[in-house]
Each structure stands twice: as C-alpha cells, then as structure tokens.
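Trainee: A single structure is presented below for examination.
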Amino acid sequence: MRFSGSRQNRTQLFWSIIRPLDAFHVIQMLISAILLLELLSSSVAEFRAVEHATVIEFPALNCRKHSAVLTDFGGVGDGKTSNTEAFKAAIANLSQLAADGGAQLVVPPGKWLTGSFNLTSHFTLFIHKDAIILGAQDESEWPHLPVLPSYGRGRDAGSGRFSSLIFGTNLTDVVITGNNGTIDGQGAYWWKKFKEGTLNETRPYLIEVMYSNQVQISNLTLINSPSWNVHPIYSSDIIIQHVTIIAPIDSPNTDGINPDSCTNTRIEDSFVVSGDDCIAVKSGWDQYGIKFNMPTKHLVIRRFTCISPDSATIALGSEMSGGIEDVRAENITAINTQSGVRIKTAVGRGAYVKDIYVRNMTISTMKYVFWMTGSYGQHPDPGFDPKAFPMIKGINYKDIVADNVTYSARLEGIENDPFTDICISNVDIKLTAKPKELQWNCTDVQGVTNRVTPVPCNLLPEKEIDCPFPEDRLPIEDVGLKTCSVIGNF
C-alpha cells in the first residue's frame, strides 16, 4: 500500500487505524514491528558477511552440495596439536552425505599436524594455499596395513607397511586438491630409520588410493615424503595435474608419482624434484605380480618437468610383472637427471612392457638419454620363477633434443630374450665436454633409427622412418572438470 497526501493527512490516517484497537493489539503490532526490524537487520548482516567472505574457485571432477571446515571438528592449526582425530571425525561425519550431493572438507590456513587418515567416496579434501598438513612423527599415529598382494612383501621390510598419510580404498569420485596448499611428510625421521636399517615396516607414502575409480589429485605442493609421494594402485580413471613435488635429491625412494596396476591415468602440468624416479610406472613384483595379473595401461603423461640426478625422468618398472602397455609421454623436460624414459626389468619378472610412445622431450644435463636394463635383479624372495622372461616390445622415441650428455644410450636386453621393435627418430644429442668414448652400448636389442646423432649402434640400423605416436585420444583425455568453489573467511 502506498500513502499519498500531506503529512497531516497521513498522521490522521495512522491514528484512525490505531484508536479502535485495544492496548493488547497495539502491543502486538509494536512487537511485530520490532521483530521485523531485527529480521531485516539480521538479513543485512548476513548479506554483508557473505559479501566479505572469500570465494575460491577450483576445478574438480564433481562439486559438492555440503561443505565443512576442519575447525568444525576440533582441528587446531598450531603445528603441535595432533589433528588425527579431527580429520577422522570430519570425514566420518561427511561420509554420511555421500548420497546427498557429497561433501567437501576445507583445511584452512594453519599448520595441521596429523597421522594417517582415510578418505571417503563422493568427497573433496580442499587444502587452502596457506595451510600445511604435517605428517606426525609418532609411529602410533600410523596404522599398519598388510603387504600389497601384487608385491608379496614390503619394499623396506618383509612384513607389513604403514598406512599412507592420506589413504583411501574402494572409493568412487574422490578429489584431493586445493589452491596450492602443502602436504609436508616430514620425512627426515623416516629416512634416518631407513638408512640405519631399523624399520620393521615399509615407510608410509604421502597419498595412496587403492581399488578406486574417478580420482583427482591436483593443485598441491608435496614435500619431504617419507617414501613415494603419490601412489594410485589397482585403480582407474585417474587425473593428476598441477602438482609440485619436492624432496632432497639424496632422500631415499622419494619417487614422485607411481601409477601401479592402473588403467586410464592422466598425469600433466606437474613438476618433480626427487631422490628417485620422478614417475615410476609399476604393476607388481615377480611371482606376486604375475599371479595378481593387473597391468598398468592407457597412461598419458604430458607437460611434465623432472629433476633427479640419480634416477629416471620416467621409469617403466622394475616392478612390472602385471604388464605395462600403451604409455604416451609427450612434452617432457628433464634437467640434471640421470636418464630419460628408462625400462627396468629382469628374469623372473615375466609379463611385458609394450606399446610405449615418447615424443617432444627436452633434456639438459643427463647421463643416459636412452637406458634399458634387463638385469635389474632385486626380487621379493627366492621363490621367483627363473623361466619368467619379460617381453619388451614396441618402444618408440621421437623428436628429442638433449644437451650436455655423458652417454647417448645404454641398451641391455636379456640373452635369448632380446628387446625388440625399438624405434628412435629425429634425435639430436649434444655431448658433455668429456663424453664417454662408447656412446651407444647395445646388447640383445633389435630395432631401427632415423636422423639420430651421434650415430647409433649396429643393432639399431638406419631406416627412413618416422617413429609412431598414436593419433587417437584415450578416454581419460576427454574427461572435463567442473568449476567448483569454497566460501569462507580465510
């Protein structure tokens, strides 16, 4: 209703409404008016709070209907208080929302000390850029797990293994991301025990996801892992992107990203400084991997940079007893790294490494550009099959530029089990000031080369050929991400 006329007329109209009412009704009207003013005031305050809140957008497989902050569950970000129970309580609570649009847990600014905790399905762990998750030094905060069935024993010790800092099994649709938040494994404690030989269990990894699908790990910085950094295993449909991984170059077994018996994996736009292989593609160890029989296949690696003076940019094996096939690596940069894309295997491994494609690789300071090893002799136990010969076939490299190189190639197949169908084309290798005299050391290999300098060995004769790289796209390459958000007063 809109009133018109003079102020005097509006006053007369007001009293004409009020006078017929008794005192009770007048008081009711006044109370209603006060409540209405409080509601309007509250709404304005709420609007202002939202207006001044921080909205952080991020890409994810799926957005979540519900959101919570670690402090809602008693988290204390002082770098000293254990938050293991807070993480567990938060995820247990939010797991109940999986069927109602899923949930996300925000780790806000602070230093959040914690032991191992488990993720859930239809869930996002979001780590704020000013947040650091710190791995606890108290071994009681790390549950013990049985050995992996495709390995038969722990990598550090024959019995079990410690659960990873961030762990999940039998999950669907799980996202571990942030706006470049940090996970610090505080690995020095574990490296010391490893070097002293005092470990009774295999060291924990930073992130491990098992028997899962639709997994995203992105926009994070991982530092000082006790051992491997990222280990998806027995899983499929995995995206790992915009991840920075840093460990001292003398730290033991701090592999960057290790896809293990996984299908449809995409690794891209990431940077690793490591004491071991920057990427190690695996699928089980000797008789245990042969029995488990789950290959790693359909793997894309692109726009990736590695620094690792004593290890490989990308290693295929040595634990490859479930098979490795259809690996596509392109636009790779290696700086001060021991080798490029290295194949590691041995008698007893069985299975195969086949259909491997590498192109557009830039190398600065490297010991071996091409390195294949058929005598990588570590075994889980004496029970391996000495008649289990691996098949290495269809290995393709093209369009590689390398500078300051010591050896062009060291290609060592297996006697009576040569590595075959090797193709190397359009490669320009410039040597260090004091290169080795024998630039191509080749035994038990077969293949062809074209436009390669220095001149390759006789087992890889010149042939007018452009080594293949698949033109089709893998399904994981076409998986898009949605724009999601977190809102808070950060």
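Simple scheme: letters A, B, ... for chains in structure tokens order, numbers from 1 for residues in each chain, numbers from 1 for ligands in the order shown.
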Using only C-alpha atoms, which residues sit within 12 Å of Trp191 (chain A) once same-chain residues fewer than 4 positions away are excluded, as an MDAnalysis selection string?

Mentor: chainID A and resid 137 156 185:187 195:199 202:204 224:228 247:248 250:254 275

Trainee: Restrict the calculation to only C-alpha atoms, then for each residue of region 437-468 of chain A with any atom at most 10 Å from an atom of region 381-394 of chain A give the closest atom pair and their distance in Å to one decimal, rows by chain and rising residue number, as a tab-separated table.

Mentor:
residue	atom	partner	partner_atom	distance
A:Val445	CA	A:Ile392	CA	9.5
A:Gln446	CA	A:Lys393	CA	9.4
A:Gly447	CA	A:Gly394	CA	9.1
A:Pro468	CA	A:Gly394	CA	9.8

Trainee: Would you save the residues from that selection as a CSV table (one decimal), in the first residue's frame, using N, CA, C and O atoms?

Mentor:
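Final file, out-v6.csv:
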chain,number,residue,atom,x,y,z
A,445,VAL,N,69.3,-56.3,-28.3
A,445,VAL,CA,68.2,-55.4,-28.7
A,445,VAL,C,68.1,-55.4,-30.2
A,445,VAL,O,69.0,-55.8,-30.9
A,446,GLN,N,66.9,-55.1,-30.7
A,446,GLN,CA,66.7,-55.0,-32.1
A,446,GLN,C,65.7,-53.9,-32.4
A,446,GLN,O,64.8,-53.6,-31.7
A,447,GLY,N,66.0,-53.1,-33.5
A,447,GLY,CA,65.2,-52.0,-33.9
A,447,GLY,C,65.8,-51.2,-35.0
A,447,GLY,O,66.7,-51.7,-35.7
A,468,PRO,N,56.2,-44.0,-34.7
A,468,PRO,CA,54.8,-43.7,-34.5
A,468,PRO,C,54.5,-43.1,-33.1
A,468,PRO,O,55.2,-43.3,-32.2

Trainee: Extract, using only C-alpha atoms, all DNA, RNA and protein residues at most 12 Å from Ala351 (chain A), discarding same-chain residues fewer than 6 positions from it, and format them as a VMD selection string.

Mentor: chain A and resid 282 to 296 317 to 325 345 385 387 to 393

Trainee: Restricted to N, CA, C and O atoms, what would the selected residues look like written as a CSV table (one decimal), in the first residue's frame?

Mentor:
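Output below, filename again-v6.csv:
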chain,number,residue,atom,x,y,z
A,282,LYS,N,54.4,-48.9,-12.6
A,282,LYS,CA,54.6,-50.2,-12.0
A,282,LYS,C,53.3,-51.1,-12.1
A,282,LYS,O,52.3,-50.6,-12.5
A,283,SER,N,53.5,-52.4,-11.8
A,283,SER,CA,52.4,-53.3,-11.9
A,283,SER,C,52.6,-54.7,-11.2
A,283,SER,O,52.2,-55.7,-11.6
A,284,GLY,N,53.4,-54.6,-10.1
A,284,GLY,CA,53.6,-55.8,-9.3
A,284,GLY,C,55.0,-56.4,-9.5
A,284,GLY,O,55.7,-56.2,-10.5
A,285,TRP,N,55.3,-57.3,-8.6
A,285,TRP,CA,56.7,-57.8,-8.4
A,285,TRP,C,56.8,-59.3,-8.5
A,285,TRP,O,56.3,-60.0,-7.7
A,286,ASP,N,57.5,-59.7,-9.6
A,286,ASP,CA,57.8,-61.2,-9.8
A,286,ASP,C,56.5,-62.0,-9.7
A,286,ASP,O,55.5,-61.7,-10.2
A,287,GLN,N,56.6,-63.2,-9.0
A,287,GLN,CA,55.5,-64.1,-9.0
A,287,GLN,C,54.2,-63.6,-8.4
A,287,GLN,O,53.1,-64.0,-8.8
A,288,TYR,N,54.3,-62.6,-7.5
A,288,TYR,CA,53.1,-62.0,-6.9
A,288,TYR,C,52.4,-61.1,-7.9
A,288,TYR,O,51.2,-61.1,-8.0
A,289,GLY,N,53.2,-60.3,-8.7
A,289,GLY,CA,52.6,-59.5,-9.8
A,289,GLY,C,52.0,-60.4,-10.9
A,289,GLY,O,51.0,-60.1,-11.5
A,290,ILE,N,52.7,-61.5,-11.2
A,290,ILE,CA,52.2,-62.4,-12.3
A,290,ILE,C,50.9,-63.0,-11.9
A,290,ILE,O,49.9,-63.0,-12.6
A,291,LYS,N,50.8,-63.4,-10.6
A,291,LYS,CA,49.6,-64.0,-10.1
A,291,LYS,C,48.4,-63.0,-10.1
A,291,LYS,O,47.3,-63.3,-10.4
A,292,PHE,N,48.7,-61.8,-9.6
A,292,PHE,CA,47.7,-60.7,-9.4
A,292,PHE,C,47.2,-60.3,-10.8
A,292,PHE,O,46.0,-60.0,-11.0
A,293,ASN,N,48.1,-60.2,-11.8
A,293,ASN,CA,47.8,-60.0,-13.2
A,293,ASN,C,46.9,-58.8,-13.5
A,293,ASN,O,45.9,-58.9,-14.1
A,294,MET,N,47.4,-57.6,-13.0
A,294,MET,CA,46.7,-56.4,-13.3
A,294,MET,C,47.7,-55.4,-13.9
A,294,MET,O,48.5,-54.8,-13.2
A,295,PRO,N,47.6,-55.1,-15.2
A,295,PRO,CA,48.6,-54.2,-15.8
A,295,PRO,C,48.3,-52.8,-15.6
A,295,PRO,O,47.2,-52.4,-15.1
A,296,THR,N,49.3,-52.0,-15.8
A,296,THR,CA,49.1,-50.5,-16.0
A,296,THR,C,49.0,-50.3,-17.5
A,296,THR,O,49.9,-50.6,-18.2
A,317,GLY,N,58.9,-49.9,-14.7
A,317,GLY,CA,59.4,-50.9,-13.9
A,317,GLY,C,60.1,-50.4,-12.7
A,317,GLY,O,60.0,-49.2,-12.4
A,318,SER,N,60.9,-51.1,-12.0
A,318,SER,CA,61.2,-52.5,-12.4
A,318,SER,C,60.1,-53.5,-12.1
A,318,SER,O,60.0,-54.6,-12.6
A,319,GLU,N,59.2,-53.1,-11.1
A,319,GLU,CA,58.1,-54.0,-10.7
A,319,GLU,C,57.1,-53.9,-11.8
A,319,GLU,O,56.2,-53.0,-11.7
A,320,MET,N,57.1,-54.7,-12.8
A,320,MET,CA,56.2,-54.6,-14.0
A,320,MET,C,55.6,-56.0,-14.3
A,320,MET,O,55.2,-56.3,-15.4
A,321,SER,N,55.4,-56.8,-13.3
A,321,SER,CA,55.1,-58.2,-13.5
A,321,SER,C,53.6,-58.4,-13.9
A,321,SER,O,53.2,-59.6,-14.2
A,322,GLY,N,52.8,-57.4,-13.8
A,322,GLY,CA,51.4,-57.5,-14.3
A,322,GLY,C,51.3,-56.9,-15.7
A,322,GLY,O,50.3,-57.0,-16.4
A,323,GLY,N,52.4,-56.3,-16.2
A,323,GLY,CA,52.4,-55.8,-17.6
A,323,GLY,C,52.3,-54.3,-17.6
A,323,GLY,O,51.6,-53.7,-16.7
A,324,ILE,N,52.9,-53.6,-18.6
A,324,ILE,CA,52.8,-52.2,-18.8
A,324,ILE,C,52.5,-52.0,-20.3
A,324,ILE,O,53.3,-52.5,-21.1
A,325,GLU,N,51.5,-51.3,-20.7
A,325,GLU,CA,51.2,-51.1,-22.1
A,325,GLU,C,50.5,-49.8,-22.4
A,325,GLU,O,49.8,-49.3,-21.5
A,345,THR,N,63.8,-54.1,-15.9
A,345,THR,CA,63.2,-55.4,-15.7
A,345,THR,C,64.3,-56.4,-15.5
A,345,THR,O,65.5,-56.1,-15.3
A,385,ASP,N,60.2,-67.1,-10.4
A,385,ASP,CA,60.4,-68.2,-11.5
A,385,ASP,C,61.5,-67.8,-12.4
A,385,ASP,O,61.4,-66.8,-13.1
A,387,LYS,N,62.3,-68.9,-15.1
A,387,LYS,CA,61.9,-69.0,-16.5
A,387,LYS,C,60.9,-68.0,-16.9
A,387,LYS,O,60.4,-68.0,-18.1
A,388,ALA,N,60.6,-67.0,-16.0
A,388,ALA,CA,59.6,-66.0,-16.3
A,388,ALA,C,60.4,-64.8,-17.0
A,388,ALA,O,60.9,-63.9,-16.3
A,389,PHE,N,60.4,-64.9,-18.3
A,389,PHE,CA,61.1,-63.8,-19.1
A,389,PHE,C,60.2,-62.7,-19.5
A,389,PHE,O,59.1,-63.0,-20.0
A,390,PRO,N,60.5,-61.5,-19.3
A,390,PRO,CA,59.7,-60.4,-19.7
A,390,PRO,C,59.8,-60.2,-21.2
A,390,PRO,O,60.8,-60.5,-21.9
A,391,MET,N,58.7,-59.7,-21.8
A,391,MET,CA,58.7,-59.3,-23.2
A,391,MET,C,58.7,-57.8,-23.3
A,391,MET,O,57.8,-57.1,-22.8
A,392,ILE,N,59.8,-57.2,-23.9
A,392,ILE,CA,59.9,-55.8,-24.1
A,392,ILE,C,59.8,-55.5,-25.6
A,392,ILE,O,60.7,-56.0,-26.4
A,393,LYS,N,58.8,-54.8,-26.1
A,393,LYS,CA,58.5,-54.8,-27.5
A,393,LYS,C,57.7,-53.5,-27.8
A,393,LYS,O,56.8,-53.1,-27.1

Trainee: Kindly indicate which residue among A:Leu316, A:Leu148, A:Leu61, A:Ile127 lies nearest to Val174 (chain A), using only C-alpha atoms for the distances.

Mentor: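 That would be A:Leu61, the residue with the smallest distance to Val174 (chain A).
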
Trainee: Out of A:Ala68, A:Ile217, A:Val273, A:Ala188, which residue has the shortest atom-to-atom distance to Gly102 (chain A) when counting only C-alpha atoms?

Mentor: A:Ala68

Trainee: Which residues in region 235-393 of chain A does DSSP call helix (DSSP H, G or I)? List them as a VMD selection string.

Mentor: chain A and resid 286 to 292

Trainee: For Ile363 (chain A), please output as a list of chain:residue names all residues within 7 Å (counting only C-alpha atoms; exclusion window: fewer than 2 positions along the same chain).

Mentor: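 In the requested format, the answer is A:Thr333, A:Ala334, A:Ile335, A:Met361, A:Thr365, A:Val401, A:Ala402, A:Asp403.
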
Trainee: Give me the residues within 7 Å of region 476-487 of chain A as a list of chain:residue names, counting only C-alpha atoms and dropping any in the same chain fewer than 5 places off.

Mentor: A:Ala53, A:Thr54, A:Val55, A:Ile56, A:Glu57, A:Phe58, A:Pro59, A:Ala60, A:Leu61, A:Asn62, A:Cys63, A:Asp237, A:Asn264, A:Thr265, A:Arg266

Trainee: Export, as a PDB file, in the first residue's frame, the selected residues with N, CA, C and O atoms.

Mentor:
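Saved to again12.pdb:
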ATOM      1  N   ALA A  53      33.127 -12.504   2.521  1.00  0.00           N
ATOM      2  CA  ALA A  53      33.769 -13.813   2.571  1.00  0.00           C
ATOM      3  C   ALA A  53      34.623 -14.029   1.322  1.00  0.00           C
ATOM      4  O   ALA A  53      34.406 -13.402   0.281  1.00  0.00           O
ATOM      5  N   THR A  54      35.603 -14.907   1.460  1.00  0.00           N
ATOM      6  CA  THR A  54      36.453 -15.263   0.330  1.00  0.00           C
ATOM      7  C   THR A  54      35.818 -16.414  -0.438  1.00  0.00           C
ATOM      8  O   THR A  54      35.440 -17.423   0.166  1.00  0.00           O
ATOM      9  N   VAL A  55      35.714 -16.255  -1.730  1.00  0.00           N
ATOM     10  CA  VAL A  55      35.218 -17.319  -2.598  1.00  0.00           C
ATOM     11  C   VAL A  55      36.391 -17.814  -3.436  1.00  0.00           C
ATOM     12  O   VAL A  55      37.005 -17.030  -4.163  1.00  0.00           O
ATOM     13  N   ILE A  56      36.723 -19.083  -3.290  1.00  0.00           N
ATOM     14  CA  ILE A  56      37.830 -19.677  -4.036  1.00  0.00           C
ATOM     15  C   ILE A  56      37.257 -20.684  -5.021  1.00  0.00           C
ATOM     16  O   ILE A  56      36.599 -21.653  -4.619  1.00  0.00           O
ATOM     17  N   GLU A  57      37.491 -20.458  -6.280  1.00  0.00           N
ATOM     18  CA  GLU A  57      37.040 -21.393  -7.309  1.00  0.00           C
ATOM     19  C   GLU A  57      38.161 -22.358  -7.657  1.00  0.00           C
ATOM     20  O   GLU A  57      39.345 -21.986  -7.640  1.00  0.00           O
ATOM     21  N   PHE A  58      37.789 -23.585  -7.964  1.00  0.00           N
ATOM     22  CA  PHE A  58      38.789 -24.587  -8.326  1.00  0.00           C
ATOM     23  C   PHE A  58      38.153 -25.632  -9.238  1.00  0.00           C
ATOM     24  O   PHE A  58      36.938 -25.866  -9.173  1.00  0.00           O
ATOM     25  N   PRO A  59      38.961 -26.266 -10.096  1.00  0.00           N
ATOM     26  CA  PRO A  59      38.426 -27.306 -10.985  1.00  0.00           C
ATOM     27  C   PRO A  59      38.365 -28.661 -10.288  1.00  0.00           C
ATOM     28  O   PRO A  59      39.286 -29.037  -9.558  1.00  0.00           O
ATOM     29  N   ALA A  60      37.275 -29.389 -10.509  1.00  0.00           N
ATOM     30  CA  ALA A  60      37.129 -30.698  -9.873  1.00  0.00           C
ATOM     31  C   ALA A  60      36.235 -31.592 -10.715  1.00  0.00           C
ATOM     32  O   ALA A  60      35.422 -31.126 -11.514  1.00  0.00           O
ATOM     33  N   LEU A  61      36.389 -32.890 -10.512  1.00  0.00           N
ATOM     34  CA  LEU A  61      35.543 -33.858 -11.212  1.00  0.00           C
ATOM     35  C   LEU A  61      34.076 -33.596 -10.932  1.00  0.00           C
ATOM     36  O   LEU A  61      33.232 -33.663 -11.818  1.00  0.00           O
ATOM     37  N   ASN A  62      33.771 -33.301  -9.659  1.00  0.00           N
ATOM     38  CA  ASN A  62      32.399 -33.004  -9.257  1.00  0.00           C
ATOM     39  C   ASN A  62      32.410 -31.996  -8.122  1.00  0.00           C
ATOM     40  O   ASN A  62      33.319 -31.992  -7.278  1.00  0.00           O
ATOM     41  N   CYS A  63      31.393 -31.137  -8.099  1.00  0.00           N
ATOM     42  CA  CYS A  63      31.218 -30.197  -6.995  1.00  0.00           C
ATOM     43  C   CYS A  63      30.376 -30.865  -5.907  1.00  0.00           C
ATOM     44  O   CYS A  63      29.660 -31.827  -6.160  1.00  0.00           O
ATOM     45  N   ASP A 237      40.707 -44.433 -14.035  1.00  0.00           N
ATOM     46  CA  ASP A 237      40.148 -43.097 -14.292  1.00  0.00           C
ATOM     47  C   ASP A 237      40.700 -42.087 -13.291  1.00  0.00           C
ATOM     48  O   ASP A 237      39.996 -41.561 -12.422  1.00  0.00           O
ATOM     49  N   ASN A 264      43.739 -46.033 -17.436  1.00  0.00           N
ATOM     50  CA  ASN A 264      43.203 -44.704 -17.758  1.00  0.00           C
ATOM     51  C   ASN A 264      43.668 -43.666 -16.738  1.00  0.00           C
ATOM     52  O   ASN A 264      42.910 -43.246 -15.852  1.00  0.00           O
ATOM     53  N   THR A 265      44.921 -43.278 -16.901  1.00  0.00           N
ATOM     54  CA  THR A 265      45.521 -42.296 -15.988  1.00  0.00           C
ATOM     55  C   THR A 265      46.087 -41.142 -16.797  1.00  0.00           C
ATOM     56  O   THR A 265      46.699 -41.351 -17.842  1.00  0.00           O
ATOM     57  N   ARG A 266      45.893 -39.936 -16.292  1.00  0.00           N
ATOM     58  CA  ARG A 266      46.386 -38.714 -16.943  1.00  0.00           C
ATOM     59  C   ARG A 266      47.236 -37.937 -15.945  1.00  0.00           C
ATOM     60  O   ARG A 266      46.746 -37.515 -14.906  1.00  0.00           O
TER      61      ARG A 266
END

Trainee: Based on DSSP run over this structure's backbone, return all residues of region 316-440 of chain A in strand (DSSP E or B), as a PyMOL selection string.

Mentor: chain A and resi 316+320+324-344+352-373+391-412+414+417+419-431+440

Trainee: In Å, rounded to a single decimal, give me how far CA of Asp78 (chain A) is from CA of Leu222 (chain A).

Mentor: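 One can read the CA of Leu222 (chain A) to CA of Asp78 (chain A) distance as 19.5 Å.
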
Trainee: What is the distance, in Å and to one decimal place, between CA of Lys193 (chain A) and CA of Arg155 (chain A)?

Mentor: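 Straight-line distance from CA of Lys193 (chain A) to CA of Arg155 (chain A) works out to 14.0 Å.
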
Trainee: Using only C-alpha atoms, determine which residues lie at most 9 Å from Trp371 (chain A), disregarding the query and same-chain residues fewer than 5 positions distant; provide the list as a PyMOL selection string.

Mentor: chain A and resi 339-344+408-412

Trainee: Output the selection as a CSV table (one decimal), in the first residue's frame - N, CA, C and O atoms for each residue.

Mentor:
chain,number,residue,atom,x,y,z
A,339,SER,N,68.5,-40.2,-16.3
A,339,SER,CA,68.1,-40.8,-17.6
A,339,SER,C,66.7,-40.3,-18.0
A,339,SER,O,66.0,-39.7,-17.2
A,340,GLY,N,66.4,-40.6,-19.3
A,340,GLY,CA,65.1,-40.1,-19.8
A,340,GLY,C,64.0,-41.1,-19.4
A,340,GLY,O,63.6,-41.2,-18.3
A,341,VAL,N,63.5,-41.8,-20.4
A,341,VAL,CA,62.5,-42.8,-20.2
A,341,VAL,C,63.2,-44.2,-20.1
A,341,VAL,O,63.6,-44.7,-21.1
A,342,ARG,N,63.3,-44.7,-18.9
A,342,ARG,CA,64.1,-45.9,-18.7
A,342,ARG,C,63.2,-47.1,-18.5
A,342,ARG,O,62.2,-47.1,-17.8
A,343,ILE,N,63.6,-48.2,-19.1
A,343,ILE,CA,62.9,-49.5,-18.9
A,343,ILE,C,63.8,-50.4,-17.9
A,343,ILE,O,65.0,-50.6,-18.2
A,344,LYS,N,63.2,-50.8,-16.8
A,344,LYS,CA,63.9,-51.7,-15.9
A,344,LYS,C,63.2,-53.0,-15.7
A,344,LYS,O,62.0,-53.0,-15.4
A,408,SER,N,75.0,-41.5,-24.8
A,408,SER,CA,73.7,-41.4,-25.6
A,408,SER,C,72.8,-42.5,-25.2
A,408,SER,O,71.6,-42.3,-25.1
A,409,ALA,N,73.3,-43.7,-25.1
A,409,ALA,CA,72.4,-44.9,-24.9
A,409,ALA,C,73.1,-46.0,-24.2
A,409,ALA,O,74.3,-46.3,-24.6
A,410,ARG,N,72.4,-46.7,-23.3
A,410,ARG,CA,72.9,-48.0,-22.7
A,410,ARG,C,71.7,-48.9,-22.8
A,410,ARG,O,70.7,-48.8,-22.0
A,411,LEU,N,71.7,-49.8,-23.8
A,411,LEU,CA,70.5,-50.6,-24.1
A,411,LEU,C,70.9,-52.1,-23.9
A,411,LEU,O,71.7,-52.7,-24.7
A,412,GLU,N,70.5,-52.7,-22.8
A,412,GLU,CA,70.9,-54.0,-22.4
A,412,GLU,C,69.7,-54.9,-22.3
A,412,GLU,O,69.0,-54.9,-21.3

Trainee: Give me, please, the distance in Å between CA of His128 (chain A) and CA of Val106 (chain A), quoted to one decimal.

Mentor: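 Computing it gives 7.2 Å between the two atoms.
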